[in-house]
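The block underneath contains the structure these notes are about, expressed in structure tokens.
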Amino acid sequence: MSTIRKFLSYLVVSAAIKAAGSQNVITDDSHFFGQSPPVYPSRHGSFRRGPWEAAYNKAKSLVTQMTIEEKVNLTTGYTAPNGCSGNIYSIPRLGFPGLCLGDSGNGLRGTDFVSAWPSGIHVGASWNKELAHQRGMAMAGEFKRKGVNILLGPVVGPLGRVVEGVAGYCMGELTIVGFSVDPYLCGALAYESVSGIQEAGVIATTKHYIANEQETNRNPSANVSAVSSNLDDITLHEAYLCYMPFQDALHAGSGAIMCSYNRINNSYGCQNSKLLNGILKTELGFEGLVMSDWDALHAGYDAALAGMDMVMPDSGGFWGANLTECVKNGTASEARLDDMAIRIISAWYQMGQEDNFPPPGIGMPALLNQPHEKIDARNISDKPILFNGAVEEHVLVKNVNNTLPLNKPGSLYLAGYSARAPDQNAPSGDETLLKYAWNLGYESAVSYLYYLGAISMGLGSPIDISPTANNGTIIGGGGSGSVAQSTLIAPFDALLARADEDSTQLYWDFSSAEPSVVQNADACLVYVNAFSAESLDRPNLRDDFTDGMILSVASQCTKTIVIMHNVAARLVEQWIDHPNVTAVIFAHLPGQDSGKALTPLLYGERNFSGKLPYTVARNESDYSGVLTPSQPSGEYQYFPQSDFSEGPRFEFSFGLSYTSFNYSSLEVEVISDSDTSVYPSGPVVQGGQTDLWDVLARVSVDVSNTGRSDGSEVAQLYVGSPGGPKKQLRGFLKTLIKAGESVTYTFELTRRDLSAWGVACQAWKLSAGPHQIYVGPSSRNLPLNSVLQLSLQS
């Protein structure tokens, strides 16, 4: 695993940086000292209250019996003869079996007999909290049956600061694993995912802490440091930390946090005492363990003192024996080491892993192409979750001229490179780049993998990489967030079966750039994709080959249906208004049931209910200063800086259905006996002060299904508070409404929802208002509005 991570890491190294030609070039990191203020000491996990108390007491008792060397071994990963992404040593004399860590938040990667779950971006498009919870729990069940103690997900770190970034839109590893560009939506789904994962008895690792927005210069290389994400106190709290993703994950009880590769205000994320000691462990009361991303440690005992508890995948030349020596000579206190060990063991106890948990890594063979014990982690009862997850997260953005649903068409013409399954789905023992194809999700993007190899040898640049996967459909992205394919029903496979059932004539051409369309086809389906992978930011947001193919088919077919499997936002302006492009679906990354889910949607047996978890602009220029990753330049050519300050084609939360909905009867109610003091006063537990979640108001609305089909509607609540953005998502609910019926949606607004971060007082400050209340089906279609006014208590 360490070799794979290092392979991926050096791929992002850009070609030679021009020699410093100006005396103004900054060459010493000391120039930035103090930009991220030091906070010491590291707060010890107290667990004095809440659900972790019993686990803490057990852990403390066990750790007191350990030697210094044993405690250091708990904090330092090592390479074991298995397929785990990381490992922690066992302590046989005390009955501790060790730990197996595994990628990722999309399903267990790099092994066999597991499911390929819909990716994070697909979950985000569902806007379905219950489904996110079910997915987390079922997915973690597979990790457990394979002997994986710690699931390396979910991702909540990136929020779309870099649109072309693989880190863009809280997706992905980074594009692939996370949920949404919006911090509220991302946080709500993270809460459910963490809850589900840990209910299955597996430790969730919420990552990447924090402001991890691009892959370019994510790691230091030669004399160039990792990029620094520079953000002020308000941006940190209101966007990245507490509104909402990390705070929600902590509130759900996340047992682990992974610190990020990048620097934050010019201090590396895994040794940033302000963020780890000051905010995470003190302000937010985090009781679990902080682990490094793979090879993200750049300091010795200093990182431990700054708040990091576990290094992966090995000592990195800093911890291990060196940390042991630091404790023995008093440079680092044994009390700090004890706290690190207790945090790790507490998470193990909290998930009940001391009882009836399979041996670590038992289902993770090191070499899958060699004979090994079969351990099937799949559960047949999870199949409905896989299928419904794949269905609900397709987003219909255009449907005119009664194109969809299809109704036993006489003939269909199929084109595009993303319809069929990839040519290969098997692990390889070859010592070539192809050995990474199956293990890292490049089955459909072998050419992408070769480009990575060329770049690593200085024979190309990231701009040369194709933004598509041309060797078949994609159900996930590439890198550590990829998914293993035990089975895959591709779109073509499922449609072929349906055509056989209906006696529909099918024609297809999956290889031509300009297919020759059969003129008697009732409709034409064009399957395309937008691919991305860990280590490189996306080269662009569209490509001429795909756009040209769509236009070619549309010039010959009056009903052209475009099906786009996409890792993130993909521009469509070249063809979206073509009169013959009559239906468009953003199909995202649906997992193994891709075709099985798409076909009933095309035929109207299931209704579209997905909404975009991002914004699709008209042109690259519409993204202004957030389009591309920050590069080393000028005086900062050795210390790249990314400074954060913050008329789409399809707005965030947009999505069509086969039916229609009407909104009415908006009511806003202030909770009469609620505490409306300006500042919260509750005790700090994991996630922050307890009264931040006190409900201060309720908003209700009636939604009627005015069409002829049953359908699920995502009703959305936006709030505009004084001094803040005009509208911020502060609630969403998804409910099935039968045709002709109505449902009342009720949203709860908490103290946190109606507060802003006060820099001077370093606390959340409740606003009396007036708070503008908006409700509707998307961020730009909010037909109902009202005003909420609070009476603040002194």
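Letters A, B, ... mark the chains of the structure tokens in the order given; residue numbers begin at 1 per chain; ligand numbers begin at 1, in order shown.
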
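Once region 671-677 of chain A and its same-chain neighbours fewer than 3 positions away are set aside, Pro680, Asp694, Val695, Leu696, Ala697, Arg698, Leu766, Leu790, Ser791, Leu792, Gln793 and Ser794 of chain A remain within 8 Å of it when counting only C-alpha atoms.
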
Skip Ala521 (chain A) itself and residues of its chain fewer than 4 positions away, then list as an MDAnalysis selection string all residues within 12 Å of it, counting only C-alpha atoms. chainID A and resid 409:414 504:508 516:517 525 553 556:560

Deliver the residues from the most recent selection as a file, using all heavy atoms, as a compact mmCIF listing (two decimals), in the first residue's frame.
# COMPACT_ATOMS: atom_id res chain seq x y z
N PRO A 409 -39.97 1.10 -27.59
CA PRO A 409 -39.57 1.66 -28.89
C PRO A 409 -39.32 0.55 -29.90
O PRO A 409 -38.87 -0.54 -29.55
CB PRO A 409 -38.29 2.42 -28.57
CG PRO A 409 -37.75 1.76 -27.34
CD PRO A 409 -38.96 1.35 -26.55
N GLY A 410 -39.59 0.87 -31.17
CA GLY A 410 -39.35 -0.11 -32.22
C GLY A 410 -37.87 -0.34 -32.44
O GLY A 410 -37.43 -1.47 -32.66
N SER A 411 -37.09 0.75 -32.37
CA SER A 411 -35.65 0.61 -32.57
C SER A 411 -34.93 1.72 -31.84
O SER A 411 -35.45 2.84 -31.68
CB SER A 411 -35.29 0.64 -34.06
OG SER A 411 -35.66 1.88 -34.63
N LEU A 412 -33.72 1.43 -31.39
CA LEU A 412 -32.87 2.40 -30.70
C LEU A 412 -31.47 2.32 -31.28
O LEU A 412 -30.98 1.23 -31.64
CB LEU A 412 -32.81 2.11 -29.20
CG LEU A 412 -34.10 2.27 -28.39
CD1 LEU A 412 -33.88 1.75 -26.96
CD2 LEU A 412 -34.56 3.73 -28.36
N TYR A 413 -30.81 3.48 -31.34
CA TYR A 413 -29.42 3.52 -31.78
C TYR A 413 -28.56 3.95 -30.60
O TYR A 413 -28.86 4.94 -29.92
CB TYR A 413 -29.24 4.51 -32.93
CG TYR A 413 -27.84 4.49 -33.51
CD1 TYR A 413 -27.52 3.59 -34.53
CD2 TYR A 413 -26.85 5.34 -33.03
CE1 TYR A 413 -26.24 3.54 -35.05
CE2 TYR A 413 -25.57 5.30 -33.55
CZ TYR A 413 -25.26 4.39 -34.56
OH TYR A 413 -23.99 4.34 -35.07
N LEU A 414 -27.49 3.19 -30.34
CA LEU A 414 -26.62 3.45 -29.20
C LEU A 414 -25.23 3.85 -29.68
O LEU A 414 -24.68 3.22 -30.59
CB LEU A 414 -26.52 2.21 -28.31
CG LEU A 414 -27.80 1.43 -28.01
CD1 LEU A 414 -27.49 0.24 -27.12
CD2 LEU A 414 -28.83 2.35 -27.36
N THR A 504 -37.33 -4.99 -29.27
CA THR A 504 -36.81 -3.74 -29.84
C THR A 504 -35.56 -4.04 -30.65
O THR A 504 -34.67 -4.77 -30.21
CB THR A 504 -36.47 -2.74 -28.72
OG1 THR A 504 -37.65 -2.44 -27.99
CG2 THR A 504 -35.87 -1.46 -29.28
N GLN A 505 -35.47 -3.43 -31.84
CA GLN A 505 -34.26 -3.54 -32.65
C GLN A 505 -33.21 -2.59 -32.10
O GLN A 505 -33.46 -1.39 -31.94
CB GLN A 505 -34.57 -3.17 -34.10
CG GLN A 505 -33.35 -2.98 -34.98
CD GLN A 505 -32.61 -4.28 -35.26
OE1 GLN A 505 -33.22 -5.24 -35.73
NE2 GLN A 505 -31.32 -4.30 -34.99
N LEU A 506 -32.03 -3.12 -31.81
CA LEU A 506 -30.92 -2.28 -31.34
C LEU A 506 -29.84 -2.20 -32.40
O LEU A 506 -29.46 -3.20 -33.02
CB LEU A 506 -30.31 -2.85 -30.05
CG LEU A 506 -31.08 -2.74 -28.74
CD1 LEU A 506 -30.19 -3.21 -27.59
CD2 LEU A 506 -31.54 -1.31 -28.49
N TYR A 507 -29.33 -0.96 -32.59
CA TYR A 507 -28.14 -0.72 -33.41
C TYR A 507 -27.11 -0.05 -32.49
O TYR A 507 -27.48 0.70 -31.60
CB TYR A 507 -28.44 0.22 -34.57
CG TYR A 507 -29.60 -0.18 -35.44
CD1 TYR A 507 -30.86 0.40 -35.25
CD2 TYR A 507 -29.45 -1.10 -36.47
CE1 TYR A 507 -31.93 0.06 -36.06
CE2 TYR A 507 -30.52 -1.46 -37.29
CZ TYR A 507 -31.77 -0.88 -37.08
OH TYR A 507 -32.82 -1.21 -37.87
N TRP A 508 -25.83 -0.31 -32.72
CA TRP A 508 -24.85 0.40 -31.90
C TRP A 508 -23.51 0.54 -32.60
O TRP A 508 -23.15 -0.24 -33.48
CB TRP A 508 -24.67 -0.28 -30.55
CG TRP A 508 -24.12 -1.69 -30.56
CD1 TRP A 508 -22.82 -2.09 -30.65
CD2 TRP A 508 -24.89 -2.90 -30.44
NE1 TRP A 508 -22.72 -3.44 -30.59
CE2 TRP A 508 -23.96 -3.97 -30.46
CE3 TRP A 508 -26.26 -3.18 -30.31
CZ2 TRP A 508 -24.36 -5.31 -30.36
CZ3 TRP A 508 -26.65 -4.50 -30.21
CH2 TRP A 508 -25.72 -5.55 -30.23
N SER A 516 -22.46 6.71 -37.73
CA SER A 516 -23.46 6.85 -38.80
C SER A 516 -24.78 6.28 -38.29
O SER A 516 -24.97 5.06 -38.20
CB SER A 516 -22.99 6.09 -40.05
OG SER A 516 -23.95 6.21 -41.09
N VAL A 517 -25.69 7.14 -37.94
CA VAL A 517 -26.92 6.76 -37.27
C VAL A 517 -27.92 6.15 -38.25
O VAL A 517 -28.13 6.67 -39.35
CB VAL A 517 -27.56 7.98 -36.57
CG1 VAL A 517 -28.90 7.61 -35.94
CG2 VAL A 517 -26.61 8.53 -35.51
N LEU A 525 -29.28 6.96 -28.02
CA LEU A 525 -28.70 7.12 -26.69
C LEU A 525 -27.18 7.23 -26.83
O LEU A 525 -26.55 6.34 -27.44
CB LEU A 525 -29.05 5.94 -25.80
CG LEU A 525 -30.48 5.88 -25.24
CD1 LEU A 525 -31.50 5.56 -26.34
CD2 LEU A 525 -30.58 4.82 -24.14
N VAL A 553 -24.15 12.80 -33.47
CA VAL A 553 -25.36 11.99 -33.35
C VAL A 553 -26.60 12.88 -33.42
O VAL A 553 -27.58 12.56 -34.11
CB VAL A 553 -25.35 11.18 -32.05
CG1 VAL A 553 -26.68 10.46 -31.85
CG2 VAL A 553 -24.20 10.16 -32.06
N GLN A 556 -28.09 13.86 -36.70
CA GLN A 556 -28.73 12.80 -37.48
C GLN A 556 -29.96 12.20 -36.81
O GLN A 556 -30.65 11.38 -37.42
CB GLN A 556 -27.72 11.66 -37.72
CG GLN A 556 -26.40 12.09 -38.33
CD GLN A 556 -25.38 10.97 -38.29
OE1 GLN A 556 -25.53 9.94 -38.96
NE2 GLN A 556 -24.33 11.14 -37.50
N CYS A 557 -30.22 12.59 -35.55
CA CYS A 557 -31.27 11.93 -34.79
C CYS A 557 -32.09 12.97 -34.04
O CYS A 557 -31.53 13.73 -33.23
CB CYS A 557 -30.64 10.93 -33.82
SG CYS A 557 -31.83 9.96 -32.87
N THR A 558 -33.39 13.00 -34.25
CA THR A 558 -34.23 14.05 -33.67
C THR A 558 -34.52 13.87 -32.19
O THR A 558 -34.98 14.80 -31.53
CB THR A 558 -35.57 14.13 -34.42
OG1 THR A 558 -36.23 12.85 -34.35
CG2 THR A 558 -35.36 14.52 -35.87
N LYS A 559 -34.26 12.69 -31.67
CA LYS A 559 -34.39 12.46 -30.22
C LYS A 559 -33.09 11.84 -29.72
O LYS A 559 -32.93 10.62 -29.71
CB LYS A 559 -35.58 11.56 -29.91
CG LYS A 559 -36.93 12.26 -30.04
CD LYS A 559 -38.06 11.40 -29.50
CE LYS A 559 -39.40 12.16 -29.54
NZ LYS A 559 -40.51 11.35 -29.00
N THR A 560 -32.18 12.71 -29.31
CA THR A 560 -30.88 12.27 -28.82
C THR A 560 -30.85 12.39 -27.30
O THR A 560 -31.06 13.47 -26.75
CB THR A 560 -29.75 13.10 -29.44
OG1 THR A 560 -29.77 12.93 -30.87
CG2 THR A 560 -28.40 12.68 -28.89

Tell me, as a list in words, which residues lie within 8 Å of His771 (chain A), counting only C-alpha atoms; anything in the same chain fewer than 5 positions away does not count. Val719, Gly720, Ser721, Pro722, Leu754, Val787, Leu788 and Gln789 of chain A

Within 9 Å of Val581 (chain A) using only C-alpha atoms, minus same-chain residues under 5 positions, as a ChimeraX atom specification: /A:398-400,550-551,554,557-562,575-576

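In this model, the gap between CA of Asn277 (chain A) and CA of Tyr40 (chain A) comes to 6.7 Å.
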
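Taking only C-alpha atoms, the non-local environment of Gly307 (chain A) within 6 Å (same-chain residues fewer than 3 positions away omitted) comprises Ser42, Leu276, Asn277 and Ala304 of chain A.
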
List every residue of region 720-753 of chain A that has an atom at most 12 Å from any atom of region 662-669 of chain A, giving for each one its closest atom pair and the distance in Å to one decimal, counting only C-alpha atoms, sorted by chain and then by ascending residue number, as JSON lines.
{"residue": "A:Ile737", "atom": "CA", "partner": "A:Asn662", "partner_atom": "CA", "distance": 11.4}
{"residue": "A:Ala739", "atom": "CA", "partner": "A:Asn662", "partner_atom": "CA", "distance": 11.7}
{"residue": "A:Gly740", "atom": "CA", "partner": "A:Asn662", "partner_atom": "CA", "distance": 10.7}
{"residue": "A:Glu741", "atom": "CA", "partner": "A:Asn662", "partner_atom": "CA", "distance": 10.7}
{"residue": "A:Ser742", "atom": "CA", "partner": "A:Asn662", "partner_atom": "CA", "distance": 9.0}
{"residue": "A:Val743", "atom": "CA", "partner": "A:Tyr663", "partner_atom": "CA", "distance": 10.0}
{"residue": "A:Thr744", "atom": "CA", "partner": "A:Ser665", "partner_atom": "CA", "distance": 9.2}
{"residue": "A:Tyr745", "atom": "CA", "partner": "A:Leu666", "partner_atom": "CA", "distance": 9.7}
{"residue": "A:Thr746", "atom": "CA", "partner": "A:Glu667", "partner_atom": "CA", "distance": 9.4}
{"residue": "A:Phe747", "atom": "CA", "partner": "A:Val668", "partner_atom": "CA", "distance": 9.6}
{"residue": "A:Glu748", "atom": "CA", "partner": "A:Glu669", "partner_atom": "CA", "distance": 9.7}
{"residue": "A:Leu749", "atom": "CA", "partner": "A:Glu669", "partner_atom": "CA", "distance": 10.0}

What does the file look like for those residues with C-alpha atoms, as a compact mmCIF listing (two decimals), in the first residue's frame?
# COMPACT_ATOMS: atom_id res chain seq x y z
CA ILE A 737 -45.56 11.42 -2.70
CA ALA A 739 -49.84 11.07 -7.58
CA GLY A 740 -52.64 13.39 -6.47
CA GLU A 741 -51.61 13.38 -2.81
CA SER A 742 -49.95 15.91 -0.51
CA VAL A 743 -47.36 15.66 2.26
CA THR A 744 -46.36 18.14 4.95
CA TYR A 745 -42.62 18.64 5.33
CA THR A 746 -41.37 19.98 8.68
CA PHE A 747 -37.87 21.43 9.09
CA GLU A 748 -36.16 22.25 12.37
CA LEU A 749 -33.81 25.23 12.69

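Near Ile91 (chain A), within a cut-off of 9 Å and counting only C-alpha atoms, sit the residues Met66, Glu70, Asn73, Leu74, Phe96, Pro97 and Gly98 of chain A, with same-chain residues fewer than 5 positions away left out.
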
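A straight line drawn from CA of Asn388 (chain A) to CA of Ser712 (chain A) is 12.5 Å long.
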